[in-house]
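**Student:** Sharing my_file_25.txt below, compact mmCIF, C-alpha atoms:
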```txt
# COMPACT_ATOMS: atom_id res chain seq x y z
CA MET H 1 28.20 -8.20 -31.65
CA ALA H 2 31.67 -9.51 -32.46
CA THR H 3 30.70 -10.70 -35.91
CA LYS H 4 29.15 -7.33 -36.71
CA GLU H 5 31.98 -5.27 -35.31
CA GLY H 6 35.05 -6.99 -36.67
CA LEU H 7 37.28 -10.02 -36.54
CA ARG H 8 38.66 -9.59 -33.04
CA PRO H 9 35.99 -9.90 -30.37
CA GLY H 10 37.06 -7.81 -27.39
CA GLY H 11 39.40 -5.90 -29.68
CA ARG H 12 37.89 -3.13 -31.75
CA SER H 13 34.48 -3.71 -30.24
CA ALA H 14 35.77 -3.31 -26.67
CA ARG H 15 37.75 -0.20 -27.60
CA VAL H 16 34.70 1.39 -29.21
CA GLN H 17 32.64 0.65 -26.11
CA GLU H 18 35.29 2.12 -23.82
CA SER H 19 35.60 5.31 -25.87
CA ILE H 20 31.81 5.74 -25.85
CA HIS H 21 31.59 5.10 -22.11
CA SER H 22 34.34 7.61 -21.41
CA ALA H 23 32.71 10.19 -23.70
CA VAL H 24 29.50 9.80 -21.66
CA ARG H 25 31.37 10.18 -18.37
CA ALA H 26 33.17 13.31 -19.62
CA LEU H 27 29.97 14.93 -20.92
CA LEU H 28 28.10 14.18 -17.69
CA GLU H 29 30.78 16.09 -15.81
CA GLU H 30 30.59 19.09 -18.12
CA GLN H 31 26.88 19.57 -18.57
CA GLU H 32 23.38 18.85 -17.28
CA ARG H 33 22.41 15.25 -17.79
CA SER H 34 19.16 16.15 -19.57
CA THR H 35 21.07 18.08 -22.23
CA VAL H 36 23.40 15.24 -23.28
CA THR H 37 22.55 13.89 -26.75
CA VAL H 38 23.61 10.88 -28.81
CA PRO H 39 25.21 13.02 -31.58
CA GLN H 40 27.31 14.79 -28.92
CA ILE H 41 28.48 11.50 -27.45
CA ALA H 42 29.27 10.16 -30.91
CA ALA H 43 31.31 13.26 -31.81
CA ARG H 44 33.28 13.05 -28.57
CA ALA H 45 33.91 9.32 -28.96
CA GLY H 46 34.83 9.60 -32.63
CA VAL H 47 32.09 7.26 -33.84
CA THR H 48 28.91 7.78 -35.83
CA PRO H 49 25.59 8.16 -34.01
CA SER H 50 24.38 5.01 -35.76
CA THR H 51 27.11 3.02 -34.00
CA ILE H 52 25.49 4.04 -30.74
CA TYR H 53 21.92 3.44 -31.86
CA ARG H 54 22.85 0.04 -33.29
CA ARG H 55 24.44 -1.09 -30.05
CA TRP H 56 22.28 0.50 -27.33
CA GLY H 57 18.99 1.28 -29.05
CA ASP H 58 18.59 4.59 -27.28
CA LEU H 59 20.25 7.02 -24.93
CA SER H 60 18.60 5.75 -21.74
CA VAL H 61 19.99 2.26 -22.31
CA LEU H 62 23.49 3.64 -22.91
CA LEU H 63 23.28 5.81 -19.76
CA ALA H 64 22.12 2.75 -17.81
CA ASP H 65 25.06 0.74 -19.14
CA VAL H 66 27.52 3.44 -18.09
CA ALA H 67 25.83 3.74 -14.68
CA LEU H 68 26.06 -0.02 -14.05
CA ALA H 69 29.76 0.02 -14.96
CA ARG H 70 30.35 2.87 -12.51
CA MET H 71 28.49 1.04 -9.74
CA ARG H 72 31.10 -1.70 -9.89
CA PRO H 73 33.44 -0.82 -7.01
CA ASP H 74 37.10 -0.58 -7.90
CA SER H 75 38.38 -1.95 -4.60
CA GLU H 76 37.65 -4.59 -1.96
CA PRO H 77 35.55 -3.49 1.03
CA ALA H 78 37.76 -2.05 3.82
CA ASN H 79 39.05 -4.67 6.27
CA THR H 80 38.84 -3.23 9.79
CA GLY H 81 39.39 -6.50 11.64
CA SER H 82 35.77 -6.97 12.80
CA LEU H 83 32.47 -7.79 11.11
CA ARG H 84 30.76 -4.81 12.74
CA GLY H 85 33.58 -2.49 11.67
CA ASP H 86 33.59 -3.79 8.10
CA LEU H 87 29.81 -3.43 7.76
CA ARG H 88 29.90 0.08 9.18
CA ALA H 89 32.73 1.14 6.88
CA TRP H 90 30.99 -0.38 3.86
CA GLY H 91 27.57 1.02 4.80
CA GLU H 92 28.89 4.52 5.43
CA GLN H 93 30.72 4.62 2.11
CA TYR H 94 27.65 3.28 0.30
CA LEU H 95 25.48 5.93 1.99
CA ASP H 96 27.94 8.68 1.00
CA GLU H 97 28.14 7.54 -2.60
CA MET H 98 24.43 6.95 -3.15
CA SER H 99 23.36 10.22 -1.47
CA SER H 100 25.56 12.30 -3.76
CA GLU H 101 24.21 13.90 -6.93
CA LEU H 102 26.21 11.39 -8.96
CA GLY H 103 24.89 8.45 -6.95
CA ARG H 104 21.29 9.57 -7.27
CA ASN H 105 21.68 9.88 -11.06
CA LEU H 106 23.35 6.46 -11.28
CA LEU H 107 20.46 4.91 -9.35
CA ARG H 108 17.95 6.47 -11.72
CA ASP H 109 19.87 5.53 -14.86
CA VAL H 110 20.43 1.93 -13.78
CA GLN H 111 16.69 1.36 -13.61
CA CYS H 112 16.53 1.78 -17.41
CA SER H 113 19.04 -1.01 -17.83
CA SER H 114 17.84 -4.33 -19.16
CA THR H 115 19.47 -5.95 -16.13
CA PRO H 116 18.79 -3.75 -13.09
CA GLY H 117 19.01 -6.94 -11.00
CA PHE H 118 22.73 -6.80 -11.63
CA CYS H 119 22.86 -4.06 -9.00
CA VAL H 120 21.95 -6.50 -6.25
CA ALA H 121 24.52 -8.96 -7.57
CA ILE H 122 27.30 -6.35 -7.32
CA ILE H 123 26.31 -5.32 -3.79
CA GLY H 124 25.82 -8.94 -2.75
CA ALA H 125 29.32 -9.87 -3.90
CA GLN H 126 30.82 -7.05 -1.81
CA LEU H 127 28.90 -8.10 1.29
CA GLN H 128 29.81 -11.76 0.75
CA THR H 129 33.49 -10.75 0.65
CA ILE H 130 33.05 -9.22 4.09
CA LEU H 131 31.20 -12.24 5.51
CA ASP H 132 33.85 -14.64 4.18
CA ARG H 133 36.43 -12.96 6.43
CA TYR H 134 34.62 -14.15 9.58
CA PRO H 135 33.89 -17.86 9.13
CA ASP H 136 33.96 -18.60 12.88
CA GLN H 137 31.05 -16.46 14.02
CA PRO H 138 27.28 -16.46 13.45
CA LEU H 139 26.60 -14.46 10.29
CA PRO H 140 23.55 -12.72 8.84
CA SER H 141 22.63 -13.68 5.29
CA VAL H 142 23.62 -11.42 2.40
CA ASP H 143 19.93 -10.93 1.60
CA ARG H 144 19.23 -9.73 5.13
CA LEU H 145 22.15 -7.30 4.93
CA ILE H 146 20.86 -5.94 1.63
CA ASN H 147 17.38 -5.50 3.12
CA LEU H 148 18.70 -3.73 6.24
CA ILE H 149 21.57 -1.66 4.81
CA SER H 150 21.27 -1.06 1.05
CA ALA H 151 17.48 -0.92 0.81
CA PRO H 152 16.86 1.89 3.36
CA THR H 153 19.86 3.82 2.02
CA VAL H 154 18.62 3.75 -1.57
CA PHE H 155 14.92 4.12 -0.73
CA ARG H 156 15.60 7.33 1.21
CA VAL H 157 17.75 8.73 -1.61
CA LEU H 158 15.04 8.14 -4.19
CA PHE H 159 11.81 8.77 -2.29
CA SER H 160 12.49 10.83 0.80
CA ALA H 161 13.42 14.46 1.35
CA ALA H 162 16.41 13.49 3.54
CA PRO H 163 19.00 10.70 3.35
CA LEU H 164 19.23 7.89 5.92
CA GLU H 165 20.95 9.13 9.08
CA VAL H 166 24.25 7.50 10.01
CA GLU H 167 22.92 6.74 13.51
CA GLU H 168 20.00 4.79 12.01
CA LEU H 169 22.41 3.02 9.65
CA HIS H 170 24.41 1.89 12.70
CA ARG H 171 21.26 0.73 14.50
CA LEU H 172 20.18 -1.27 11.44
CA ILE H 173 23.61 -2.92 11.33
CA GLU H 174 23.22 -3.86 15.03
CA ILE H 175 19.84 -5.39 14.20
CA ALA H 176 21.43 -7.37 11.35
CA LEU H 177 24.14 -8.64 13.72
CA THR H 178 21.64 -9.92 16.29
CA HIS H 179 19.19 -11.71 13.97
CA MET A 1 -1.80 28.98 -11.71
CA ALA A 2 -5.22 30.30 -10.63
CA THR A 3 -4.62 33.75 -12.06
CA LYS A 4 -3.47 32.29 -15.35
CA GLU A 5 -6.23 29.71 -15.61
CA GLY A 6 -9.30 31.71 -14.69
CA LEU A 7 -11.27 33.39 -11.99
CA ARG A 8 -12.22 30.36 -9.95
CA PRO A 9 -9.17 28.65 -8.42
CA GLY A 10 -10.00 24.96 -8.02
CA GLY A 11 -12.82 25.37 -10.53
CA ARG A 12 -11.81 25.25 -14.18
CA SER A 13 -8.20 24.63 -13.26
CA ALA A 14 -9.04 21.59 -11.14
CA ARG A 15 -11.37 20.19 -13.82
CA VAL A 16 -8.68 20.60 -16.48
CA GLN A 17 -6.19 18.80 -14.25
CA GLU A 18 -8.62 15.96 -13.56
CA SER A 19 -9.42 15.49 -17.26
CA ILE A 20 -5.72 15.40 -18.11
CA HIS A 21 -4.95 12.93 -15.31
CA SER A 22 -7.74 10.66 -16.40
CA ALA A 23 -6.60 10.86 -20.05
CA VAL A 24 -3.15 9.72 -18.92
CA ARG A 25 -4.58 6.84 -16.87
CA ALA A 26 -6.73 5.71 -19.80
CA LEU A 27 -3.87 5.86 -22.32
CA LEU A 28 -1.53 3.97 -19.98
CA GLU A 29 -4.06 1.15 -19.89
CA GLU A 30 -4.41 1.02 -23.65
CA GLN A 31 -0.82 1.26 -24.83
CA GLU A 32 2.86 0.95 -23.96
CA ARG A 33 4.01 3.72 -21.65
CA SER A 34 6.91 4.68 -23.91
CA THR A 35 4.52 5.38 -26.80
CA VAL A 36 2.29 7.86 -24.94
CA THR A 37 2.75 11.42 -26.20
CA VAL A 38 1.65 14.87 -25.04
CA PRO A 39 -0.46 15.53 -28.18
CA GLN A 40 -2.30 12.22 -27.60
CA ILE A 41 -3.04 13.13 -23.99
CA ALA A 42 -4.18 16.60 -25.02
CA ALA A 43 -6.54 15.20 -27.67
CA ARG A 44 -8.04 12.72 -25.22
CA ALA A 45 -8.46 15.37 -22.51
CA GLY A 46 -9.88 17.95 -24.90
CA VAL A 47 -7.15 20.52 -24.25
CA THR A 48 -4.31 21.91 -26.35
CA PRO A 49 -0.80 20.47 -25.94
CA SER A 50 0.38 23.91 -24.81
CA THR A 51 -1.93 23.67 -21.79
CA ILE A 52 0.01 20.59 -20.75
CA TYR A 53 3.44 22.05 -21.50
CA ARG A 54 2.57 25.27 -19.65
CA ARG A 55 1.51 23.40 -16.56
CA TRP A 56 3.88 20.45 -16.37
CA GLY A 57 6.87 21.46 -18.49
CA ASP A 58 7.26 18.02 -19.98
CA LEU A 59 5.75 14.56 -20.12
CA SER A 60 7.90 13.03 -17.37
CA VAL A 61 6.69 15.60 -14.86
CA LEU A 62 3.05 14.98 -15.82
CA LEU A 63 3.53 11.20 -15.54
CA ALA A 64 5.15 11.72 -12.12
CA ASP A 65 2.22 13.84 -11.01
CA VAL A 66 -0.28 11.17 -12.09
CA ALA A 67 1.82 8.47 -10.41
CA LEU A 68 1.93 10.37 -7.10
CA ALA A 69 -1.84 10.83 -7.20
CA ARG A 70 -2.28 7.08 -7.79
CA MET A 71 0.03 6.24 -4.89
CA ARG A 72 -2.38 7.95 -2.55
CA PRO A 73 -4.38 5.06 -1.10
CA ASP A 74 -8.14 5.32 -1.36
CA SER A 75 -8.86 3.58 1.94
CA GLU A 76 -7.62 3.28 5.51
CA PRO A 77 -5.22 0.41 6.27
CA ALA A 78 -7.12 -2.77 7.22
CA ASN A 79 -7.90 -3.06 10.93
CA THR A 80 -7.32 -6.66 12.02
CA GLY A 81 -7.38 -6.00 15.77
CA SER A 82 -3.62 -6.38 16.36
CA LEU A 83 -0.55 -4.35 15.49
CA ARG A 84 1.17 -7.40 13.98
CA GLY A 85 -1.90 -8.22 11.92
CA ASP A 86 -2.32 -4.67 10.67
CA LEU A 87 1.34 -4.40 9.67
CA ARG A 88 1.22 -7.75 7.88
CA ALA A 89 -1.95 -6.84 6.01
CA TRP A 90 -0.54 -3.44 5.03
CA GLY A 91 2.88 -4.85 4.10
CA GLU A 92 1.43 -7.65 1.99
CA GLN A 93 -0.83 -5.29 0.08
CA TYR A 94 2.05 -2.86 -0.45
CA LEU A 95 4.26 -5.69 -1.71
CA ASP A 96 1.52 -6.85 -4.11
CA GLU A 97 0.91 -3.38 -5.48
CA MET A 98 4.55 -2.35 -5.88
CA SER A 99 5.61 -5.65 -7.47
CA SER A 100 3.00 -5.35 -10.20
CA GLU A 101 3.81 -3.85 -13.58
CA LEU A 102 1.71 -0.82 -12.67
CA GLY A 103 3.47 -0.41 -9.32
CA ARG A 104 6.91 -0.64 -10.89
CA ASN A 105 6.01 2.04 -13.44
CA LEU A 106 4.54 4.29 -10.75
CA LEU A 107 7.76 3.97 -8.74
CA ARG A 108 9.83 4.96 -11.75
CA ASP A 109 7.57 7.85 -12.74
CA VAL A 110 7.39 9.26 -9.22
CA GLN A 111 11.16 9.74 -9.19
CA CYS A 112 10.77 12.39 -11.91
CA SER A 113 8.42 14.35 -9.70
CA SER A 114 9.65 17.57 -8.16
CA THR A 115 8.56 16.18 -4.80
CA PRO A 116 9.45 12.48 -4.66
CA GLY A 117 9.74 12.91 -0.89
CA PHE A 118 5.96 13.08 -0.88
CA CYS A 119 6.01 9.29 -1.31
CA VAL A 120 7.44 8.77 2.16
CA ALA A 121 4.87 11.22 3.57
CA ILE A 122 2.00 9.18 2.09
CA ILE A 123 3.38 5.88 3.39
CA GLY A 124 4.23 7.42 6.75
CA ALA A 125 0.67 8.68 7.22
CA GLN A 126 -0.69 5.17 6.56
CA LEU A 127 1.67 3.59 9.06
CA GLN A 128 0.94 6.28 11.65
CA THR A 129 -2.78 5.49 11.30
CA ILE A 130 -1.98 1.89 12.24
CA LEU A 131 0.24 2.87 15.18
CA ASP A 132 -2.41 5.25 16.55
CA ARG A 133 -4.76 2.29 17.02
CA TYR A 134 -2.48 0.76 19.68
CA PRO A 135 -1.59 3.52 22.14
CA ASP A 136 -1.10 1.13 25.08
CA GLN A 137 1.80 -0.93 23.75
CA PRO A 138 5.44 -0.24 22.89
CA LEU A 139 5.57 0.92 19.28
CA PRO A 140 8.28 1.11 16.62
CA SER A 141 8.76 4.52 15.00
CA VAL A 142 7.25 5.21 11.59
CA ASP A 143 10.75 5.75 10.20
CA ARG A 144 11.85 2.31 11.40
CA LEU A 145 8.77 0.72 9.82
CA ILE A 146 9.52 2.47 6.53
CA ASN A 147 13.14 1.25 6.66
CA LEU A 148 12.14 -2.34 7.44
CA ILE A 149 8.99 -2.76 5.34
CA SER A 150 8.73 -0.24 2.49
CA ALA A 151 12.43 0.09 1.71
CA PRO A 152 13.23 -3.62 1.08
CA THR A 153 9.96 -4.02 -0.84
CA VAL A 154 10.70 -1.15 -3.21
CA PHE A 155 14.44 -1.79 -3.46
CA ARG A 156 13.82 -5.37 -4.63
CA VAL A 157 11.23 -4.25 -7.18
CA LEU A 158 13.61 -1.71 -8.72
CA PHE A 159 17.02 -3.37 -8.42
CA SER A 160 16.64 -7.09 -7.97
CA ALA A 161 15.56 -9.89 -10.28
CA ALA A 162 12.97 -11.14 -7.76
CA PRO A 163 10.54 -9.39 -5.39
CA LEU A 164 10.84 -9.57 -1.60
CA GLU A 165 9.48 -12.88 -0.32
CA VAL A 166 6.45 -12.77 1.95
CA GLU A 167 8.29 -14.87 4.56
CA GLU A 168 11.10 -12.29 4.70
CA LEU A 169 8.52 -9.50 4.91
CA HIS A 170 7.01 -11.25 7.96
CA ARG A 171 10.45 -11.67 9.56
CA LEU A 172 11.23 -7.99 9.01
CA ILE A 173 7.93 -7.07 10.68
CA GLU A 174 8.87 -9.28 13.67
CA ILE A 175 12.20 -7.43 13.87
CA ALA A 176 10.37 -4.09 13.81
CA LEU A 177 8.10 -5.27 16.64
CA THR A 178 10.99 -6.26 18.89
CA HIS A 179 13.22 -3.18 18.48
```
Represent the structure contained in this file as structure tokens.
**Tutor:**
Amino acid sequence: MATKEGLRPGGRSARVQESIHSAVRALLEEQERSTVTVPQIAARAGVTPSTIYRRWGDLSVLLADVALARMRPDSEPANTGSLRGDLRAWGEQYLDEMSSELGRNLLRDVQCSSTPGFCVAIIGAQLQTILDRYPDQPLPSVDRLINLISAPTVFRVLFSAAPLEVEELHRLIEIALTH
Amino acid sequence: MATKEGLRPGGRSARVQESIHSAVRALLEEQERSTVTVPQIAARAGVTPSTIYRRWGDLSVLLADVALARMRPDSEPANTGSLRGDLRAWGEQYLDEMSSELGRNLLRDVQCSSTPGFCVAIIGAQLQTILDRYPDQPLPSVDRLINLISAPTVFRVLFSAAPLEVEELHRLIEIALTH
């Protein structure tokens, strides 16, 4: 994109992307997601609609891009001093975030991304950070933690009438710690 | 709908629904999902587009409805003579189906349904059928089985670059059998 957008890669191009992302975030707070349009986003961001179409192809790809960026946590997982405590703190926050209206929409949008697998990479990096704090004890694999913590949390948000219960989350963490 | 559609509830109305569902299934086999339109479906089903809009509101709701109907299994879970065997057979088939292109699209479409929670009800009924075959042994709950088998399978299809491995599926079933 840099050659198309200007002489300074990461300069104008990055600023345009940021203003479009923040226009999307602002509009999603003000109105129903299904009513947001590309011309609206363009007007808010101060670009032409064709800038958006050229870069993202269509609205669902742009929404997915914004959703992926929002999924990136802005802080390290809480350090409680124990593996069990860290996993519970992380799991409870993840459950809270994903069960919210915003979380549910992010999960749906991300699936339209060209790289939905990036989701697992983000979560995996967070869980690895936790595991790295406890090198002297037997540890579950990151994949196992994803299967036992993230997967039931997200599956219940998307396909069940009720979210995962915190008690079941804790039991699944105990299972992860003993296998 | 019955009063709007005619005098025989489940008569004309049910036939119209079935012809529209089968038009959708046929079109999805012939062309890219993103290119299917309501007028095309209407033409194939021999109804007017307004019949579809009146009943489903928009295309995503109709696709969700067709997806939910396809998720309904057309046979009982295989009976292998053991709980472990039945869960493995069911889990492997579920993994195969959901990891396919068709399965992935069904999972995405179902999320636009007004009752995505119905998904868990369908899966739960299948797993309960298996559990009911073994009344004399300690049994995991249906919810636990969904969390350990369905959730990681679906989560990996939607958010990971690679599907759940069969070996991990088997290990998760062992965990379910011992907790």
**Student:** For a test of reading the model, state the distance in Å between CA of Thr115 in chain H and CA of Ser150 in chain H, rounded to one decimal.
**Tutor:**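 Atom-to-atom, CA of Thr115 in chain H and CA of Ser150 in chain H are spaced 18.0 Å apart.
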**Student:** Need the shell around Asp65 in chain A: protein/DNA/RNA residues with any atom at most 12 Å away, counting all atoms listed in the file. Skip same-chain ones fewer than 3 positions apart. Format as a ChimeraX atom specification?
**Tutor:** /A:17-18,20-22,24-25,55-62,68-72,106-116,118-119
**Student:** What is the CA of Ala89 in chain H-CA of Gln137 in chain H distance in Å, reported with one decimal?
**Tutor:**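 Those two atoms sit 19.1 Å apart.
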**Student:** Can you work out which one of H:Ile41, H:Ile173, H:Leu139, H:Val120 has the shortest atom-to-atom distance to chain A, counting only C-alpha atoms?
**Tutor:**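 The closest residue to chain A is H:Val120.
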**Student:** How many Å separate CA of Ala64 in chain H from CA of Pro163 in chain H?
**Tutor:** 22.8 Å
**Student:** Quick one: which chain H residues come within 6 Å of chain A, and what is the nearest atom pair for each with the distance in Å to one decimal, counting only C-alpha atoms, rows ordered by chain and ascending number, as a tab-separated table?
**Tutor:**
```
residue	atom	partner	partner_atom	distance
H:Pro116	CA	A:Phe159	CA	5.0
H:Gly117	CA	A:Ser160	CA	3.8
H:Cys119	CA	A:Phe159	CA	5.9
H:Val120	CA	A:Ser160	CA	5.6
H:Asn147	CA	A:Pro152	CA	5.0
H:Ala151	CA	A:Pro152	CA	5.0
H:Pro152	CA	A:Asn147	CA	5.0
H:Phe155	CA	A:Ala151	CA	5.3
H:Phe159	CA	A:Gly117	CA	4.8
H:Ser160	CA	A:Gly117	CA	3.8
H:Ala161	CA	A:Gly117	CA	4.6
```
**Student:** Return the single residue from H:Pro135, H:Glu165, H:Gln31, H:Arg12 that is closest to Leu83 in chain H, with distances computed using only C-alpha atoms.
**Tutor:**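 Among the listed residues, H:Pro135 lies closest to Leu83 in chain H.
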**Student:** Using all atoms listed in the file, find the one residue out of H:Leu27, H:Gln128, H:Glu174, H:Pro140 that sits nearest to Gly85 in chain H.
**Tutor:** H:Glu174
**Student:** Could you give me, as an MDAnalysis selection string, the residues that have an atom at most 6 Å away from the point (-10.1, 16.4, -21.4) in the coordinates of the file, using all atoms listed in the file?
**Tutor:** chainID A and resid 19:20 44:47
**Student:** Set the distance at 7 Å and use all atoms listed in the file: which residues neighbour Pro49 in chain A once local chain neighbours fewer than 6 positions away are removed? I'd like the list as a CSV table (one decimal) with C-alpha atoms, keeping the file's coordinate frame.
**Tutor:**
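After the write, out38.csv holds the following:
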```
chain,number,residue,atom,x,y,z
A,38,VAL,CA,1.6,14.9,-25.0
A,39,PRO,CA,-0.5,15.5,-28.2
A,42,ALA,CA,-4.2,16.6,-25.0
```
